[in-house]
Amino acid sequence: MTDAADLRRRTAELLATHPPKTTDRLDFLRARFDAGLAWVHFPEGLGGLDAPRSLQAVVDAELAAAGAPDNTPSRIGIGLGMAAPTLLRYGTEEQKQRFLRPLWTGEEVWCQLFSEPGAGSDLAALATRAVRDEDGDGDWIVDGQKVWTSSAHLARWAILVARTDPAVPKHRGLTYFLCDMTDPGVEVRPLRQITGEAEFNEVFLSGVEIPDAHRVGAVGDGWQVARTTLMNERVAIGGARSAREGGMIGVAAAAWRDRPELRTHDLHQRLLTLWAEAEVARLTGERLRQQLSPTLNSVRAGGAPTGQPGPEGSGMKLAFARLAQQISGWEVEFLGEDGLTYDDWTLRRPEGVDFTGREAGYRYLRAKGNSIEGGTSEVLLNIVAERVLGLPPEPRTDKDVAWKDLPR
């Protein structure tokens with residue numbers, strides 16, 4: 001059983017054979033993955049050691065103290081938080097060996113081709129079609145449109161859900177694929193946001209050929225696979241690891257300390273409340289991550305493996321969205337005129353979201369999207385109500401109707 005002492009020994013060996021000061025960044029990240037120190041809770045040979053997830057902090061602390069390079073989660077967050085756990089759960093051994101290493105090192109960026117103009121909150125209603133090429137080698141031809149695709153302009157690969165059987169109810173006729181974003185027929189167009197940027201995009205798929213070897217899970221089981229992605233997405237968004245007073249609450253607290261002339265009793269009380277709620281959310285996220293530690297045996301077993309996120313991640317994502325909007329609103333109000341200094345409306349196409357290194361005005365505007373992306377707050381409230389609290393679900397008249405017969 002791998003313990004903290006063993007991880008410190010392994011980390012010391014990595015640092016000795018690949019000194020951070022003289023080793024190329026990419027070479028170091030590759031060596032770290034091969035040593036099982038990328039994500040220690042993953043299986044051996046796939047960047048991990050089949051160890052408890054909580055021990056990752058031991059490795060991270062040792063490497064940070066040595067000045068070792070790290071990957072860039074803001075750029076590859078979709079790959080790390082969504083594609084990787086899905087591939088671990090449902091991917092073939094060939095898919096895991098091919099994709100996990102360059103995904104973790106950042107050599108290949110991923111995006112998510114899920115939402116569509118007519119299928120956002122009701123994702124299972126999606127219309128993008130994947131048809132088997134029976135006259136050829138059995139691969140798939142995909143046509144459709146996806147929207148709100150973060151990092152599509154940077155991505156080499158995408159996780160894609162498409163409809164393969166329109167004659168069955170909407171949740172049962174879907175299949176999950178890996179799409180090469182450089183293939184012919186893939187067109188990425190920017191979407192301007194309230195910030196003026198185009199951090200996400202719309203993607204058009206016209207006759208895109210996807211090998212059957214890039215199908216994840218069985219034909220028709222796409223919804224089950226996609227649920228794993230979505231639940232991990234909500235944990236990645238709402239339960240991301242941070243230090244005490246990290247993230248946006250840290251920026252707000254720093255502004256309070258730096259600008260004593262702007263302080264009022266009311267703003268002080270509100271900041272204290274937000275600080276306490278942010279700390280509760282941080283600690284709750286830490287507890288949640290410690291429960292999500294799949295082992296090699298559980299992943300190999302059939303059914304839902306231990307360590308897979310459940311509906312509780314929806315609660316974490318709800319808390320994150322609410323806090324981000326309330327904290328950014330507090331900051332703008334506290335700073336007054338200085339809180340409205342964001343004035344760059346050029347159509348930039350950034351590599352990711354930066355909630356701490358930009359202006360207060362940017363944070364205020366960008367946080368508006370937190371209650372939409374990764375599942376709208378309204379949908380997540382229903383999930384928490386039904387699957388956490390056990391309340392009766394709302395009537396769903398389309399549940400057993402073939403997708404082709406649904407009004408659109």
# chains A, B, ... in the order shown; residues from 1 in each chain; ligands from 1
call {"tool": "residues_around", "arguments": {"residues": "A:Lys146", "least_positions_apart": "2", "cutoff": "8 Å", "atoms": "only C-alpha atoms", "output": "PyMOL selection string"}}
result
chain A and resi 113-117+128+144+148-149+202-204
call {"tool": "residues_around", "arguments": {"residues": "A:Phe177", "least_positions_apart": "2", "cutoff": "6 Å", "atoms": "only C-alpha atoms", "output": "MDAnalysis selection string"}}
result
chainID A and resid 160 214:216
call {"tool": "select_by_dssp", "arguments": {"residues": "stretch 204-344 of chain A", "states": "alpha helix (DSSP H)", "output": "ChimeraX atom specification"}}
result
/A:222-238,247-258,265-291,296-300,312-335
call {"tool": "closest_residue", "arguments": {"among": "A:Val353, A:Ser206, A:Ala321, A:Tyr90", "to": "A:Ser371", "atoms": "only C-alpha atoms"}}
result
A:Ala321
call {"tool": "closest_residue", "arguments": {"among": "A:Gly138, A:Gly118, A:Gly47, A:Gly67", "to": "A:Thr105", "atoms": "only C-alpha atoms"}}
result
A:Gly47
call {"tool": "residues_around", "arguments": {"residues": "A:Arg366", "least_positions_apart": "2", "cutoff": "12 Å", "atoms": "only C-alpha atoms", "output": "ChimeraX atom specification"}}
result
/A:193-199,321,324-325,328-329,342,352-356,358-364,368-373
call {"tool": "write_last_selection", "arguments": {"atoms": "N, CA and C atoms", "output": "PDB file, in the first residue's frame"}}
result
ATOM      1  N   GLN A 193     -18.656  36.983 -25.801  1.00  0.00           N
ATOM      2  CA  GLN A 193     -19.315  36.937 -24.502  1.00  0.00           C
ATOM      3  C   GLN A 193     -19.551  38.346 -23.968  1.00  0.00           C
ATOM      4  N   ILE A 194     -20.172  38.435 -22.808  1.00  0.00           N
ATOM      5  CA  ILE A 194     -20.448  39.724 -22.189  1.00  0.00           C
ATOM      6  C   ILE A 194     -19.158  40.461 -21.849  1.00  0.00           C
ATOM      7  N   THR A 195     -18.051  39.726 -21.703  1.00  0.00           N
ATOM      8  CA  THR A 195     -16.754  40.349 -21.440  1.00  0.00           C
ATOM      9  C   THR A 195     -16.114  40.916 -22.696  1.00  0.00           C
ATOM     10  N   GLY A 196     -16.692  40.634 -23.851  1.00  0.00           N
ATOM     11  CA  GLY A 196     -16.099  41.032 -25.119  1.00  0.00           C
ATOM     12  C   GLY A 196     -15.194  39.977 -25.708  1.00  0.00           C
ATOM     13  N   GLU A 197     -14.847  38.954 -24.915  1.00  0.00           N
ATOM     14  CA  GLU A 197     -13.956  37.902 -25.375  1.00  0.00           C
ATOM     15  C   GLU A 197     -14.729  36.777 -26.072  1.00  0.00           C
ATOM     16  N   ALA A 198     -13.973  35.872 -26.654  1.00  0.00           N
ATOM     17  CA  ALA A 198     -14.541  34.648 -27.221  1.00  0.00           C
ATOM     18  C   ALA A 198     -13.792  33.477 -26.609  1.00  0.00           C
ATOM     19  N   GLU A 199     -14.066  33.248 -25.364  1.00  0.00           N
ATOM     20  CA  GLU A 199     -13.448  32.131 -24.641  1.00  0.00           C
ATOM     21  C   GLU A 199     -14.062  30.808 -25.078  1.00  0.00           C
ATOM     22  N   ALA A 321     -21.067  28.781  -7.990  1.00  0.00           N
ATOM     23  CA  ALA A 321     -21.659  29.817  -8.837  1.00  0.00           C
ATOM     24  C   ALA A 321     -22.224  30.957  -7.999  1.00  0.00           C
ATOM     25  N   ALA A 324     -19.293  32.974  -6.375  1.00  0.00           N
ATOM     26  CA  ALA A 324     -18.541  33.752  -7.362  1.00  0.00           C
ATOM     27  C   ALA A 324     -19.296  35.023  -7.728  1.00  0.00           C
ATOM     28  N   GLN A 325     -20.601  34.915  -7.916  1.00  0.00           N
ATOM     29  CA  GLN A 325     -21.386  36.084  -8.282  1.00  0.00           C
ATOM     30  C   GLN A 325     -21.534  37.050  -7.117  1.00  0.00           C
ATOM     31  N   SER A 328     -17.929  38.723  -6.449  1.00  0.00           N
ATOM     32  CA  SER A 328     -17.577  39.705  -7.477  1.00  0.00           C
ATOM     33  C   SER A 328     -18.482  40.924  -7.388  1.00  0.00           C
ATOM     34  N   GLY A 329     -19.746  40.726  -7.034  1.00  0.00           N
ATOM     35  CA  GLY A 329     -20.637  41.860  -6.831  1.00  0.00           C
ATOM     36  C   GLY A 329     -20.216  42.713  -5.648  1.00  0.00           C
ATOM     37  N   TYR A 342     -12.941  47.908 -16.154  1.00  0.00           N
ATOM     38  CA  TYR A 342     -12.753  46.963 -17.268  1.00  0.00           C
ATOM     39  C   TYR A 342     -13.222  47.614 -18.560  1.00  0.00           C
ATOM     40  N   GLY A 352      -8.013  30.454 -21.242  1.00  0.00           N
ATOM     41  CA  GLY A 352      -8.825  29.990 -20.119  1.00  0.00           C
ATOM     42  C   GLY A 352      -9.401  31.159 -19.353  1.00  0.00           C
ATOM     43  N   VAL A 353     -10.018  30.861 -18.241  1.00  0.00           N
ATOM     44  CA  VAL A 353     -10.640  31.871 -17.392  1.00  0.00           C
ATOM     45  C   VAL A 353      -9.651  32.270 -16.307  1.00  0.00           C
ATOM     46  N   ASP A 354      -9.547  33.562 -16.046  1.00  0.00           N
ATOM     47  CA  ASP A 354      -8.646  34.051 -14.999  1.00  0.00           C
ATOM     48  C   ASP A 354      -9.448  34.907 -14.032  1.00  0.00           C
ATOM     49  N   PHE A 355      -9.886  34.296 -12.934  1.00  0.00           N
ATOM     50  CA  PHE A 355     -10.720  35.011 -11.983  1.00  0.00           C
ATOM     51  C   PHE A 355      -9.906  35.807 -10.963  1.00  0.00           C
ATOM     52  N   THR A 356      -8.596  35.663 -10.949  1.00  0.00           N
ATOM     53  CA  THR A 356      -7.799  36.353  -9.938  1.00  0.00           C
ATOM     54  C   THR A 356      -6.797  37.331 -10.525  1.00  0.00           C
ATOM     55  N   ARG A 358      -7.252  39.376 -13.240  1.00  0.00           N
ATOM     56  CA  ARG A 358      -7.851  40.396 -14.099  1.00  0.00           C
ATOM     57  C   ARG A 358      -8.527  41.474 -13.259  1.00  0.00           C
ATOM     58  N   GLU A 359      -9.187  42.430 -13.916  1.00  0.00           N
ATOM     59  CA  GLU A 359      -9.851  43.532 -13.241  1.00  0.00           C
ATOM     60  C   GLU A 359     -11.126  43.064 -12.542  1.00  0.00           C
ATOM     61  N   ALA A 360     -11.548  43.856 -11.557  1.00  0.00           N
ATOM     62  CA  ALA A 360     -12.782  43.533 -10.834  1.00  0.00           C
ATOM     63  C   ALA A 360     -13.975  43.508 -11.786  1.00  0.00           C
ATOM     64  N   GLY A 361     -13.986  44.414 -12.760  1.00  0.00           N
ATOM     65  CA  GLY A 361     -15.080  44.441 -13.718  1.00  0.00           C
ATOM     66  C   GLY A 361     -15.165  43.167 -14.534  1.00  0.00           C
ATOM     67  N   TYR A 362     -14.001  42.624 -14.897  1.00  0.00           N
ATOM     68  CA  TYR A 362     -13.991  41.352 -15.624  1.00  0.00           C
ATOM     69  C   TYR A 362     -14.582  40.245 -14.765  1.00  0.00           C
ATOM     70  N   ARG A 363     -14.145  40.162 -13.509  1.00  0.00           N
ATOM     71  CA  ARG A 363     -14.656  39.110 -12.623  1.00  0.00           C
ATOM     72  C   ARG A 363     -16.173  39.211 -12.477  1.00  0.00           C
ATOM     73  N   TYR A 364     -16.667  40.429 -12.347  1.00  0.00           N
ATOM     74  CA  TYR A 364     -18.113  40.632 -12.172  1.00  0.00           C
ATOM     75  C   TYR A 364     -18.880  40.141 -13.401  1.00  0.00           C
ATOM     76  N   LYS A 368     -21.095  35.898 -14.237  1.00  0.00           N
ATOM     77  CA  LYS A 368     -22.497  35.692 -14.616  1.00  0.00           C
ATOM     78  C   LYS A 368     -22.689  34.349 -15.312  1.00  0.00           C
ATOM     79  N   GLY A 369     -21.646  33.887 -15.972  1.00  0.00           N
ATOM     80  CA  GLY A 369     -21.749  32.608 -16.671  1.00  0.00           C
ATOM     81  C   GLY A 369     -21.631  31.401 -15.762  1.00  0.00           C
ATOM     82  N   ASN A 370     -21.205  31.596 -14.519  1.00  0.00           N
ATOM     83  CA  ASN A 370     -20.994  30.446 -13.631  1.00  0.00           C
ATOM     84  C   ASN A 370     -22.282  29.706 -13.309  1.00  0.00           C
ATOM     85  N   SER A 371     -23.416  30.390 -13.369  1.00  0.00           N
ATOM     86  CA  SER A 371     -24.680  29.718 -13.072  1.00  0.00           C
ATOM     87  C   SER A 371     -25.294  29.076 -14.309  1.00  0.00           C
ATOM     88  N   ILE A 372     -24.573  29.125 -15.431  1.00  0.00           N
ATOM     89  CA  ILE A 372     -25.044  28.491 -16.676  1.00  0.00           C
ATOM     90  C   ILE A 372     -24.135  27.341 -17.077  1.00  0.00           C
ATOM     91  N   GLU A 373     -22.823  27.606 -17.122  1.00  0.00           N
ATOM     92  CA  GLU A 373     -21.877  26.591 -17.586  1.00  0.00           C
ATOM     93  C   GLU A 373     -21.824  25.410 -16.618  1.00  0.00           C
TER      94      GLU A 373
END
call {"tool": "select_by_dssp", "arguments": {"residues": "stretch 53-150 of chain A", "states": "strand (DSSP E or B)", "output": "PDB file with N, CA and C atoms, in the first residue's frame"}}
result
ATOM      1  N   TRP A 110      -8.188  19.535 -24.730  1.00  0.00           N
ATOM      2  CA  TRP A 110      -9.492  18.930 -25.005  1.00  0.00           C
ATOM      3  C   TRP A 110     -10.611  19.954 -24.867  1.00  0.00           C
ATOM      4  N   CYS A 111     -11.702  19.699 -25.578  1.00  0.00           N
ATOM      5  CA  CYS A 111     -12.920  20.482 -25.405  1.00  0.00           C
ATOM      6  C   CYS A 111     -14.107  19.523 -25.329  1.00  0.00           C
ATOM      7  N   GLN A 112     -15.289  20.074 -25.104  1.00  0.00           N
ATOM      8  CA  GLN A 112     -16.488  19.267 -24.837  1.00  0.00           C
ATOM      9  C   GLN A 112     -17.573  19.616 -25.847  1.00  0.00           C
ATOM     10  N   LEU A 113     -17.902  18.684 -26.728  1.00  0.00           N
ATOM     11  CA  LEU A 113     -18.961  18.876 -27.728  1.00  0.00           C
ATOM     12  C   LEU A 113     -20.241  18.214 -27.214  1.00  0.00           C
ATOM     13  N   GLU A 116     -26.052  21.970 -27.525  1.00  0.00           N
ATOM     14  CA  GLU A 116     -26.448  22.371 -28.871  1.00  0.00           C
ATOM     15  C   GLU A 116     -27.436  23.524 -28.778  1.00  0.00           C
ATOM     16  N   ALA A 119     -30.469  22.037 -27.413  1.00  0.00           N
ATOM     17  CA  ALA A 119     -30.275  21.032 -26.364  1.00  0.00           C
ATOM     18  C   ALA A 119     -29.185  21.516 -25.417  1.00  0.00           C
ATOM     19  N   ARG A 129     -26.135  13.940 -35.362  1.00  0.00           N
ATOM     20  CA  ARG A 129     -26.315  12.546 -35.758  1.00  0.00           C
ATOM     21  C   ARG A 129     -24.983  11.886 -36.080  1.00  0.00           C
ATOM     22  N   ALA A 130     -24.855  10.663 -35.648  1.00  0.00           N
ATOM     23  CA  ALA A 130     -23.724   9.817 -36.024  1.00  0.00           C
ATOM     24  C   ALA A 130     -24.292   8.569 -36.683  1.00  0.00           C
ATOM     25  N   VAL A 131     -23.909   8.354 -37.933  1.00  0.00           N
ATOM     26  CA  VAL A 131     -24.447   7.236 -38.723  1.00  0.00           C
ATOM     27  C   VAL A 131     -23.308   6.294 -39.079  1.00  0.00           C
ATOM     28  N   ARG A 132     -23.521   5.014 -38.891  1.00  0.00           N
ATOM     29  CA  ARG A 132     -22.499   4.007 -39.183  1.00  0.00           C
ATOM     30  C   ARG A 132     -22.295   3.887 -40.685  1.00  0.00           C
ATOM     31  N   TRP A 140     -17.893   5.996 -38.268  1.00  0.00           N
ATOM     32  CA  TRP A 140     -19.082   6.827 -38.088  1.00  0.00           C
ATOM     33  C   TRP A 140     -18.947   8.147 -38.847  1.00  0.00           C
ATOM     34  N   ILE A 141     -20.067   8.614 -39.401  1.00  0.00           N
ATOM     35  CA  ILE A 141     -20.135   9.907 -40.070  1.00  0.00           C
ATOM     36  C   ILE A 141     -21.022  10.803 -39.209  1.00  0.00           C
ATOM     37  N   VAL A 142     -20.475  11.952 -38.794  1.00  0.00           N
ATOM     38  CA  VAL A 142     -21.165  12.819 -37.835  1.00  0.00           C
ATOM     39  C   VAL A 142     -21.504  14.158 -38.486  1.00  0.00           C
ATOM     40  N   ASP A 143     -22.767  14.591 -38.287  1.00  0.00           N
ATOM     41  CA  ASP A 143     -23.232  15.887 -38.762  1.00  0.00           C
ATOM     42  C   ASP A 143     -24.029  16.560 -37.656  1.00  0.00           C
ATOM     43  N   GLY A 144     -23.773  17.856 -37.446  1.00  0.00           N
ATOM     44  CA  GLY A 144     -24.538  18.581 -36.445  1.00  0.00           C
ATOM     45  C   GLY A 144     -23.841  19.862 -36.031  1.00  0.00           C
ATOM     46  N   GLN A 145     -24.391  20.497 -35.001  1.00  0.00           N
ATOM     47  CA  GLN A 145     -23.847  21.747 -34.489  1.00  0.00           C
ATOM     48  C   GLN A 145     -23.789  21.695 -32.964  1.00  0.00           C
ATOM     49  N   LYS A 146     -22.667  22.130 -32.408  1.00  0.00           N
ATOM     50  CA  LYS A 146     -22.503  22.232 -30.963  1.00  0.00           C
ATOM     51  C   LYS A 146     -22.248  23.695 -30.606  1.00  0.00           C
ATOM     52  N   VAL A 147     -22.507  24.036 -29.341  1.00  0.00           N
ATOM     53  CA  VAL A 147     -22.405  25.438 -28.949  1.00  0.00           C
ATOM     54  C   VAL A 147     -21.864  25.547 -27.529  1.00  0.00           C
ATOM     55  N   TRP A 148     -21.392  26.759 -27.164  1.00  0.00           N
ATOM     56  CA  TRP A 148     -20.799  27.035 -25.849  1.00  0.00           C
ATOM     57  C   TRP A 148     -19.579  26.147 -25.596  1.00  0.00           C
ATOM     58  N   THR A 149     -18.778  25.924 -26.633  1.00  0.00           N
ATOM     59  CA  THR A 149     -17.658  24.993 -26.531  1.00  0.00           C
ATOM     60  C   THR A 149     -16.393  25.732 -26.103  1.00  0.00           C
ATOM     61  N   SER A 150     -16.094  25.688 -24.821  1.00  0.00           N
ATOM     62  CA  SER A 150     -14.892  26.342 -24.309  1.00  0.00           C
ATOM     63  C   SER A 150     -13.641  25.681 -24.884  1.00  0.00           C
TER      64      SER A 150
END
call {"tool": "residues_around", "arguments": {"residues": "A:Met82", "least_positions_apart": "4", "cutoff": "6 Å", "atoms": "only C-alpha atoms", "output": "mmCIF file with N, CA and C atoms, in the first residue's frame"}}
result
data_model
loop_
_atom_site.group_PDB
_atom_site.id
_atom_site.type_symbol
_atom_site.label_atom_id
_atom_site.label_comp_id
_atom_site.auth_asym_id
_atom_site.auth_seq_id
_atom_site.Cartn_x
_atom_site.Cartn_y
_atom_site.Cartn_z
ATOM 1 N N ILE A 78 -10.626 20.951 -19.022
ATOM 2 C CA ILE A 78 -11.637 20.019 -19.536
ATOM 3 C C ILE A 78 -11.041 18.619 -19.676
ATOM 4 N N THR A 229 -19.133 12.095 -17.181
ATOM 5 C CA THR A 229 -18.450 13.342 -17.532
ATOM 6 C C THR A 229 -19.062 14.522 -16.796
ATOM 7 N N ASN A 232 -18.340 14.621 -13.032
ATOM 8 C CA ASN A 232 -16.962 15.027 -12.791
ATOM 9 C C ASN A 232 -16.756 16.501 -13.118
ATOM 10 N N GLU A 233 -17.453 16.994 -14.142
ATOM 11 C CA GLU A 233 -17.352 18.414 -14.486
ATOM 12 C C GLU A 233 -17.799 19.285 -13.321
#
call {"tool": "atom_distance", "arguments": {"atom1": "atom CA of A:Thr376", "atom2": "atom CA of A:Leu100"}}
result
28.7 Å
call {"tool": "residues_around", "arguments": {"residues": "stretch 395-400 of chain A", "least_positions_apart": "3", "cutoff": "8 Å", "atoms": "only C-alpha atoms", "output": "list in words"}}
result
Pro169, Lys170 and Leu406 of chain A
call {"tool": "atom_distance", "arguments": {"atom1": "atom CA of A:Arg32", "atom2": "atom CA of A:Leu14"}}
result
7.0 Å
call {"tool": "atom_distance", "arguments": {"atom1": "atom CA of A:Pro69", "atom2": "atom CA of A:Thr11"}}
result
13.2 Å
call {"tool": "residues_around", "arguments": {"residues": "A:Arg270", "least_positions_apart": "2", "cutoff": "12 Å", "atoms": "only C-alpha atoms", "output": "number ranges by chain"}}
result
A: 249, 252-253, 256, 263-268, 272-277, 323, 326-327, 329-331, 333-334
call {"tool": "closest_residue", "arguments": {"among": "A:Thr228, A:Asp212, A:Glu108, A:Asp221", "to": "A:Gly310", "atoms": "only C-alpha atoms"}}
result
A:Thr228
call {"tool": "closest_residue", "arguments": {"among": "A:Leu262, A:Leu381, A:Ala243, A:Leu15", "to": "A:Glu279", "atoms": "only C-alpha atoms"}}
result
A:Ala243
call {"tool": "decode", "arguments": {"residues": "stretch 348-365 of chain A", "atoms": "N, CA and C atoms", "output": "mmCIF file, in the first residue's frame"}}
result
data_model
loop_
_atom_site.group_PDB
_atom_site.id
_atom_site.type_symbol
_atom_site.label_atom_id
_atom_site.label_comp_id
_atom_site.auth_asym_id
_atom_site.auth_seq_id
_atom_site.Cartn_x
_atom_site.Cartn_y
_atom_site.Cartn_z
ATOM 1 N N ARG A 348 -10.844 39.034 -27.938
ATOM 2 C CA ARG A 348 -9.719 38.154 -27.598
ATOM 3 C C ARG A 348 -10.205 36.723 -27.495
ATOM 4 N N ARG A 349 -9.281 35.790 -27.730
ATOM 5 C CA ARG A 349 -9.607 34.368 -27.621
ATOM 6 C C ARG A 349 -8.647 33.740 -26.619
ATOM 7 N N PRO A 350 -8.934 33.899 -25.334
ATOM 8 C CA PRO A 350 -7.990 33.491 -24.285
ATOM 9 C C PRO A 350 -7.878 31.986 -24.163
ATOM 10 N N GLU A 351 -6.847 31.565 -23.450
ATOM 11 C CA GLU A 351 -6.630 30.137 -23.220
ATOM 12 C C GLU A 351 -7.472 29.596 -22.078
ATOM 13 N N GLY A 352 -8.013 30.454 -21.242
ATOM 14 C CA GLY A 352 -8.825 29.990 -20.119
ATOM 15 C C GLY A 352 -9.401 31.159 -19.353
ATOM 16 N N VAL A 353 -10.018 30.861 -18.241
ATOM 17 C CA VAL A 353 -10.640 31.871 -17.392
ATOM 18 C C VAL A 353 -9.651 32.270 -16.307
ATOM 19 N N ASP A 354 -9.547 33.562 -16.046
ATOM 20 C CA ASP A 354 -8.646 34.051 -14.999
ATOM 21 C C ASP A 354 -9.448 34.907 -14.032
ATOM 22 N N PHE A 355 -9.886 34.296 -12.934
ATOM 23 C CA PHE A 355 -10.720 35.011 -11.983
ATOM 24 C C PHE A 355 -9.906 35.807 -10.963
ATOM 25 N N THR A 356 -8.596 35.663 -10.949
ATOM 26 C CA THR A 356 -7.799 36.353 -9.938
ATOM 27 C C THR A 356 -6.797 37.331 -10.525
ATOM 28 N N GLY A 357 -6.459 37.207 -11.774
ATOM 29 C CA GLY A 357 -5.428 38.065 -12.343
ATOM 30 C C GLY A 357 -5.949 39.194 -13.205
ATOM 31 N N ARG A 358 -7.252 39.376 -13.240
ATOM 32 C CA ARG A 358 -7.851 40.396 -14.099
ATOM 33 C C ARG A 358 -8.527 41.474 -13.259
ATOM 34 N N GLU A 359 -9.187 42.430 -13.916
ATOM 35 C CA GLU A 359 -9.851 43.532 -13.241
ATOM 36 C C GLU A 359 -11.126 43.064 -12.542
ATOM 37 N N ALA A 360 -11.548 43.856 -11.557
ATOM 38 C CA ALA A 360 -12.782 43.533 -10.834
ATOM 39 C C ALA A 360 -13.975 43.508 -11.786
ATOM 40 N N GLY A 361 -13.986 44.414 -12.760
ATOM 41 C CA GLY A 361 -15.080 44.441 -13.718
ATOM 42 C C GLY A 361 -15.165 43.167 -14.534
ATOM 43 N N TYR A 362 -14.001 42.624 -14.897
ATOM 44 C CA TYR A 362 -13.991 41.352 -15.624
ATOM 45 C C TYR A 362 -14.582 40.245 -14.765
ATOM 46 N N ARG A 363 -14.145 40.162 -13.509
ATOM 47 C CA ARG A 363 -14.656 39.110 -12.623
ATOM 48 C C ARG A 363 -16.173 39.211 -12.477
ATOM 49 N N TYR A 364 -16.667 40.429 -12.347
ATOM 50 C CA TYR A 364 -18.113 40.632 -12.172
ATOM 51 C C TYR A 364 -18.880 40.141 -13.401
ATOM 52 N N LEU A 365 -18.386 40.491 -14.580
ATOM 53 C CA LEU A 365 -19.077 40.093 -15.805
ATOM 54 C C LEU A 365 -18.935 38.593 -16.055
#
